[in-house]
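S.K.: Please find one structure pasted underneath; my questions will follow.
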Amino acid sequence: MPETCGLCGQAPIAPGELEIAGLRLCAECHAGRLKGRLAPRGLVLRERRWIEDRGEHQRTVYVIELCGGVPFRLELQAELCGEGLAHKLAKVFKREVQTGDPDFDPAVYIDTRTREDVAAALGSPGLRAAVLELLSEDVRLLLDGNTACVTVAGTLSNRAPRAGALQRDLALVLHHLAARAAELGLPPRPVSLAGYPGSTHSAKPEHDWG
Ligand SMILES: [Zn+2]
């Protein structure tokens, strides 16, 4: 039996493919081309893109929003970001959860109202590695119940250079969140993305990988 992709389980590992967050991936997952690849594992990942005018200068920006969910009764409320972004944002970030991981703790700022649940989830080395990968893209990760979302915005001239990596890395976070939830024996819960940030926006999903 050839080894199959650690994320989608469907395709053979591409020769020479690098391991990311503890998983060896097929070429499609590695590139973030995930259509139809996550649903068999109960994971949902949805992308929406739109263009909007912002601020006093009527600057036109693109927005990419990626939201996903895992089919377990997770009760997480947290916002995570890396050091670079924490310094850029006016908001004062704290480090409310310490995991004991010397690579993770100094690099990740965590604001949370569910400290024990977040600490329990981050007991997974794979999840910590996936979060580090995702936050290296300079995004904020919002955890809400059993959903995880990132939003990126930028000017039209540098439109979406990193979308593939974001999709892959958020999928890795979802994979490890689900694995951790199963390990902790959490009961199942269907994924609903109805209340996720930006859901009031009229833009239709461009891709729905559920
Ligand atoms: Zn794959």
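Identifiers in this document derive from the order of the structure tokens: chains are assigned A, B, ..., residues are numbered from 1 separately in each chain, and ligands are numbered from 1 in order of occurrence.
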Enumerate as a compact mmCIF listing (two decimals) with C-alpha atoms, in the first residue's frame the residues within 10 Å of ligand 1, counting only C-alpha atoms and all ligand atoms.

M.R.:
```txt
# COMPACT_ATOMS: atom_id res chain seq x y z
CA THR A 4 -1.52 8.32 1.45
CA CYS A 5 -1.76 12.04 2.18
CA GLY A 6 -2.03 12.85 5.89
CA LEU A 7 -4.65 15.52 5.20
CA CYS A 8 -7.01 14.14 2.56
CA GLY A 9 -6.05 10.47 2.75
CA GLN A 10 -6.85 10.20 -0.94
CA ALA A 11 -3.77 10.60 -3.03
CA PRO A 12 -0.27 9.17 -2.89
CA ILE A 13 2.40 11.35 -1.34
CA ALA A 14 4.25 13.31 -3.95
CA LEU A 23 1.74 15.49 8.08
CA ARG A 24 3.09 14.40 4.73
CA LEU A 25 0.87 15.81 2.02
CA CYS A 26 -0.07 15.07 -1.56
CA ALA A 27 0.83 17.71 -4.13
CA GLU A 28 -2.78 18.99 -4.29
CA CYS A 29 -3.12 19.54 -0.53
CA HIS A 30 0.36 21.00 -0.36
CA ALA A 31 -0.68 23.63 -2.91
CA GLY A 32 -3.94 24.34 -1.05
CA ARG A 33 -6.12 22.90 -3.82
CA LEU A 34 -8.53 21.26 -1.42
CA ARG A 37 -10.61 16.66 -0.21
CA LEU A 38 -11.72 17.56 3.32
CA ARG A 168 -3.45 24.56 3.35
```

S.K.: Would you mind listing what lies within 6 Å of range 71-85 of chain A as a compact mmCIF listing (two decimals) with C-alpha atoms, in the first residue's frame, with only C-alpha atoms counted and same-chain residues fewer than 2 positions away left out?

M.R.:
```txt
# COMPACT_ATOMS: atom_id res chain seq x y z
CA HIS A 87 3.15 44.59 17.36
CA LYS A 88 1.41 46.06 14.32
CA ALA A 107 5.87 33.14 19.12
CA VAL A 108 2.11 33.14 19.68
CA TYR A 109 -0.10 35.65 21.44
CA ILE A 110 -3.39 34.24 22.68
CA ASP A 111 -6.40 36.15 23.95
CA THR A 112 -9.06 33.81 25.22
CA ARG A 113 -12.13 33.56 27.40
CA THR A 114 -11.86 29.75 27.47
CA LEU A 135 0.47 32.56 11.80
CA ASP A 138 0.81 37.27 9.45
CA ARG A 140 -5.07 36.44 13.07
CA LEU A 141 -6.72 33.12 13.82
CA LEU A 142 -10.15 33.36 15.39
CA LEU A 143 -11.48 30.29 17.17
CA ASP A 144 -15.20 30.32 17.89
CA GLY A 145 -16.85 27.17 19.18
CA ASN A 146 -15.83 24.51 16.68
CA LEU A 186 -15.49 15.23 22.80
CA PRO A 187 -18.93 14.38 21.43
CA PRO A 188 -19.80 15.11 17.81
CA ARG A 189 -21.46 18.33 16.73
CA PRO A 190 -22.36 19.40 13.20
CA VAL A 191 -20.40 22.30 11.73
```

S.K.: Determine the nearest neighbour of Ala171 in chain A from the options A:Gly42, A:Gly123, A:Gly68, A:Gly22, counting only C-alpha atoms.

M.R.: A:Gly68

S.K.: Can you list, as a PyMOL selection string, every residue of range 17-201 of chain A that DSSP puts in strand (DSSP E or B)?

M.R.: chain A and resi 19-20+23-24+44-54+59-69+72+76-82+95+108-112+141-145+147-155+188

S.K.: Include C-alpha atoms and write out the residues we just selected as a tab-separated table (two decimals), in the first residue's frame.

M.R.:
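Heads up, here's the output in part06.tsv:
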```tsv
chain	number	residue	atom	x	y	z
A	19	GLU	CA	6.24	17.32	5.98
A	20	ILE	CA	4.17	20.18	7.38
A	23	LEU	CA	1.74	15.49	8.08
A	24	ARG	CA	3.09	14.40	4.73
A	44	VAL	CA	-15.54	22.10	6.28
A	45	LEU	CA	-13.51	24.92	4.75
A	46	ARG	CA	-15.04	27.81	2.89
A	47	GLU	CA	-13.44	30.75	1.14
A	48	ARG	CA	-15.01	34.05	0.22
A	49	ARG	CA	-13.38	36.95	-1.57
A	50	TRP	CA	-14.69	40.41	-2.21
A	51	ILE	CA	-13.51	43.91	-2.95
A	52	GLU	CA	-14.44	46.89	-0.83
A	53	ASP	CA	-13.61	50.55	-0.35
A	54	ARG	CA	-12.20	51.35	3.05
A	59	ARG	CA	-8.71	52.77	-0.61
A	60	THR	CA	-9.85	49.75	-2.58
A	61	VAL	CA	-8.83	46.50	-0.98
A	62	TYR	CA	-9.46	42.84	-1.53
A	63	VAL	CA	-10.59	40.71	1.35
A	64	ILE	CA	-10.17	36.97	1.60
A	65	GLU	CA	-11.99	35.20	4.36
A	66	LEU	CA	-11.37	31.55	5.13
A	67	CYS	CA	-13.55	29.80	7.65
A	68	GLY	CA	-13.65	26.19	8.62
A	69	GLY	CA	-15.10	23.86	11.18
A	72	PHE	CA	-16.89	18.04	17.46
A	76	LEU	CA	-13.24	27.59	22.06
A	77	GLN	CA	-13.26	31.39	22.17
A	78	ALA	CA	-9.83	32.71	21.29
A	79	GLU	CA	-7.83	34.99	19.09
A	80	LEU	CA	-4.29	34.01	18.19
A	81	CYS	CA	-1.61	35.94	16.33
A	82	GLY	CA	2.12	35.99	15.86
A	95	ARG	CA	-0.23	35.52	26.26
A	108	VAL	CA	2.11	33.14	19.68
A	109	TYR	CA	-0.10	35.65	21.44
A	110	ILE	CA	-3.39	34.24	22.68
A	111	ASP	CA	-6.40	36.15	23.95
A	112	THR	CA	-9.06	33.81	25.22
A	141	LEU	CA	-6.72	33.12	13.82
A	142	LEU	CA	-10.15	33.36	15.39
A	143	LEU	CA	-11.48	30.29	17.17
A	144	ASP	CA	-15.20	30.32	17.89
A	145	GLY	CA	-16.85	27.17	19.18
A	147	THR	CA	-14.94	26.95	13.91
A	148	ALA	CA	-11.66	28.59	12.91
A	149	CYS	CA	-11.38	31.64	10.66
A	150	VAL	CA	-8.75	33.91	9.17
A	151	THR	CA	-9.30	37.08	7.18
A	152	VAL	CA	-6.67	38.80	5.08
A	153	ALA	CA	-6.97	42.12	3.30
A	154	GLY	CA	-4.61	44.03	1.08
A	155	THR	CA	-4.43	46.49	-1.74
A	188	PRO	CA	-19.80	15.11	17.81
```

S.K.: DSSP on the backbone: what in range 76-121 of chain A comes out helix (DSSP H, G or I), as a list in words?

M.R.: Glu83, Gly84, Leu85, Ala86, His87, Lys88, Arg115, Glu116, Asp117, Val118, Ala119, Ala120 and Ala121 of chain A

S.K.: In Å to one decimal, how far is CA of Arg180 in chain A from CA of Gly16 in chain A?

M.R.: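 Answer for the CA of Gly16 in chain A to CA of Arg180 in chain A separation: 27.7 Å.
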
S.K.: For a test of reading the model, state the distance in Å between CA of Pro102 in chain A and CA of Leu177 in chain A, rounded to one decimal.

M.R.: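 Here the two named atoms are 20.4 Å from each other.
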
S.K.: Identify, on the basis of only C-alpha atoms, every residue whose closest approach to Glu133 in chain A does not exceed 10 Å; exclude the query and any residue fewer than 5 positions from it along the same chain; express the result as JSON, numbers by chain.

M.R.: {"A": [20, 21, 127, 128, 138, 165, 166, 168, 169, 170, 172, 173]}

S.K.: Those same residues, written as an mmCIF file, in the first residue's frame with C-alpha atoms?

M.R.:
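Saved as out_4.cif:
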```
data_model
loop_
_atom_site.group_PDB
_atom_site.id
_atom_site.type_symbol
_atom_site.label_atom_id
_atom_site.label_comp_id
_atom_site.auth_asym_id
_atom_site.auth_seq_id
_atom_site.Cartn_x
_atom_site.Cartn_y
_atom_site.Cartn_z
ATOM 1 C CA ILE A 20 4.170 20.184 7.385
ATOM 2 C CA ALA A 21 2.803 20.239 10.923
ATOM 3 C CA LEU A 127 -2.006 21.619 16.334
ATOM 4 C CA ARG A 128 0.709 23.864 17.735
ATOM 5 C CA ASP A 138 0.810 37.269 9.449
ATOM 6 C CA ALA A 165 -0.656 28.519 1.718
ATOM 7 C CA LEU A 166 -3.425 29.983 3.873
ATOM 8 C CA ARG A 168 -3.453 24.561 3.351
ATOM 9 C CA ASP A 169 -2.412 25.851 6.751
ATOM 10 C CA LEU A 170 -5.972 26.467 7.961
ATOM 11 C CA LEU A 172 -3.943 21.641 8.832
ATOM 12 C CA VAL A 173 -5.292 23.513 11.875
#
```
